[in-house]
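J.: One structure is given below, represented as structure tokens, and several questions about it will come after.
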Amino acid sequence: MCNRYRLTIDQAELAGRYGVPVPKNVTIPPPELFPEKPAWIVRRQGPDRALAVMSWGFPLLTRGKTKMIEKRVTNVRNLDSPFWRSALASPEQRCLVPFTSFSEYGQTRGNDGKLPLHWFDIPSRPVSSFAGIWRPQEDGAVFAFLTCEPNSLVAPIHPKAMPLILHEEDEQRWLDGALDDLVAPFPAQLMRVDG
């Protein structure tokens with residue numbers, strides 16, 4: 001499941017894309033993003049939007065063999081799960097997760113024994129948004145993004161799911177609380193895959 005994505009534009013371009021001020025005194029995340037690492041998100045701040053840096057993955061305590069262990073849940077798959085319900089129901093906890101491309105591993109190992117990495121993007125849009133949710137934590141805010149059924153471009157590579165990519169005109173609706181009619185695969189004909 002999508003546990004790696006890129007955001008390869010600078011801070012000023014990112015702020016311009018979302019119509020927000022450039023944050024001050026923020027450690028800028030790297031362009032290649034992984035779970036448990038900091039990444040940019042766009043969230044509501046009163047009537048406006050704001051850029052923030054949060055850690056990718058909601059903490060979840062699970063029972064190990066001898067003790068409880070914490071793992072990070074990075075993708076919101078089951079929208080009816082009690083684990084996600086409060087964040088999904090609250091527009092204040094909605095966010096946009098900016099990206100330029102995301103990756104999935106292929107199904108067939110190459111001659112080197114490794115699964116190939118495929119990168120997906122939207123050529124007509126330098127920056128797109130995953131539908132995300134966030135919540136505050138004692139050690140810093142965290143986020144995750146929603147997934148949906150894969151489209152015909154992603155399905156042959158990753159048949160289980162793909163990130164929920166928003167059309168630009170739907171981004172504010174997502175932040176305002178819309179859900180049901182936005183949960184659909186992004187059109188395959190508007191995307192491309194490399195690798």
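Chain identifiers are assigned as A, B, and so on, following the order in which chains appear in the structure tokens; residues are numbered from 1 within each chain, and ligands are numbered from 1 in order of appearance.
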Would you tabulate, counting only C-alpha atoms, all residues of range 37-105 of chain A that have an atom at most 8 Å from an atom of range 119-141 of chain A, showing the closest pair of atoms and their distance in Å to one decimal, sorted by chain then ascending number, as a Markdown table?
T.:
| residue | atom | partner | partner_atom | distance |
| --- | --- | --- | --- | --- |
| A:Met54 | CA | A:Ala141 | CA | 5.3 |
| A:Ser55 | CA | A:Ala141 | CA | 6.5 |
| A:Ala87 | CA | A:Ile133 | CA | 6.2 |
| A:Leu88 | CA | A:Ile133 | CA | 6.7 |
| A:Gln93 | CA | A:Trp134 | CA | 5.2 |
| A:Arg94 | CA | A:Ile133 | CA | 4.4 |
| A:Cys95 | CA | A:Gly132 | CA | 4.8 |
| A:Leu96 | CA | A:Ala131 | CA | 5.4 |
| A:Val97 | CA | A:Phe130 | CA | 4.9 |
| A:Pro98 | CA | A:Ser129 | CA | 4.5 |
| A:Phe99 | CA | A:Ser128 | CA | 5.5 |
| A:Thr100 | CA | A:Val127 | CA | 4.9 |
| A:Ser101 | CA | A:Asp121 | CA | 4.5 |
| A:Phe102 | CA | A:Phe120 | CA | 5.4 |
| A:Ser103 | CA | A:Trp119 | CA | 4.4 |
| A:Glu104 | CA | A:Trp119 | CA | 6.7 |
J.: Can you list, as JSON, numbers by chain, every protein, DNA or RNA residue that comes within 8 Å of range 178-183 of chain A when you count only C-alpha atoms, leaving out same-chain residues fewer than 2 positions away?
T.: {"A": [148, 164, 166, 170, 173, 174, 175, 176, 185]}
J.: Write down as a count of residues only the residues belonging to chain A that are assigned alpha helix (DSSP H) by DSSP computed on the backbone.
T.: 22
J.: Give me, please, the distance in Å between CA of Glu36 in chain A and CA of Leu7 in chain A, quoted to one decimal.
T.: 15.9 Å
J.: Considering only C-alpha atoms, state which residue in the set A:Pro35, A:Gly16, A:Pro29, A:Gly106 is at the smallest distance from Pro59 in chain A.
T.: A:Pro35
J.: Please identify all polymer residues within 12 Å of Arg72 in chain A, counting only C-alpha atoms, omitting same-chain residues fewer than 3 positions from it, and present them as a short mmCIF file (atom, residue, chain, number, x, y, z; two decimals) with N, CA and C atoms, in the first residue's frame.
T.:
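Contents of around_20.cif, as written:
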data_model
loop_
_atom_site.label_atom_id
_atom_site.label_comp_id
_atom_site.auth_asym_id
_atom_site.auth_seq_id
_atom_site.Cartn_x
_atom_site.Cartn_y
_atom_site.Cartn_z
N ASN A 3 3.18 3.58 0.64
CA ASN A 3 3.95 4.00 1.81
C ASN A 3 5.19 4.78 1.40
N PHE A 34 8.28 9.06 3.68
CA PHE A 34 8.06 7.71 4.19
C PHE A 34 7.26 7.76 5.50
N PRO A 35 6.61 6.65 5.89
CA PRO A 35 5.90 6.61 7.17
C PRO A 35 6.79 7.00 8.35
N GLU A 36 6.15 7.62 9.32
CA GLU A 36 6.78 8.06 10.57
C GLU A 36 7.72 9.25 10.37
N LYS A 37 7.80 9.76 9.18
CA LYS A 37 8.66 10.92 8.89
C LYS A 37 7.79 12.16 8.71
N SER A 55 3.82 14.29 11.29
CA SER A 55 4.39 12.96 11.10
C SER A 55 3.35 12.06 10.43
N TRP A 56 3.82 11.25 9.47
CA TRP A 56 2.91 10.40 8.70
C TRP A 56 2.66 9.10 9.46
N GLY A 57 1.42 8.90 9.89
CA GLY A 57 1.00 7.65 10.52
C GLY A 57 0.38 7.87 11.89
N PHE A 58 -0.85 7.38 12.06
CA PHE A 58 -1.52 7.41 13.35
C PHE A 58 -0.97 6.27 14.20
N PRO A 59 -0.61 6.52 15.46
CA PRO A 59 -0.12 5.43 16.31
C PRO A 59 -1.26 4.50 16.71
N LEU A 60 -0.96 3.21 16.73
CA LEU A 60 -1.93 2.19 17.13
C LEU A 60 -1.20 1.18 18.00
N LEU A 61 -1.71 0.97 19.20
CA LEU A 61 -1.12 -0.05 20.08
C LEU A 61 -1.72 -1.40 19.74
N THR A 62 -0.86 -2.38 19.51
CA THR A 62 -1.31 -3.75 19.24
C THR A 62 -0.59 -4.70 20.16
N ILE A 69 2.86 -3.25 21.48
CA ILE A 69 3.78 -2.54 20.60
C ILE A 69 3.00 -1.48 19.82
N ASN A 75 -2.58 4.61 6.16
CA ASN A 75 -3.65 4.70 5.17
C ASN A 75 -5.00 4.39 5.82
N VAL A 76 -5.98 5.21 5.52
CA VAL A 76 -7.34 5.03 6.02
C VAL A 76 -8.08 4.17 5.00
N VAL A 142 -0.12 14.14 13.85
CA VAL A 142 0.08 13.04 12.90
C VAL A 142 -1.02 13.11 11.83
N PHE A 143 -0.75 12.49 10.68
CA PHE A 143 -1.75 12.44 9.62
C PHE A 143 -1.72 11.07 8.95
N ALA A 144 -2.79 10.79 8.22
CA ALA A 144 -2.89 9.62 7.34
C ALA A 144 -3.76 10.05 6.17
#
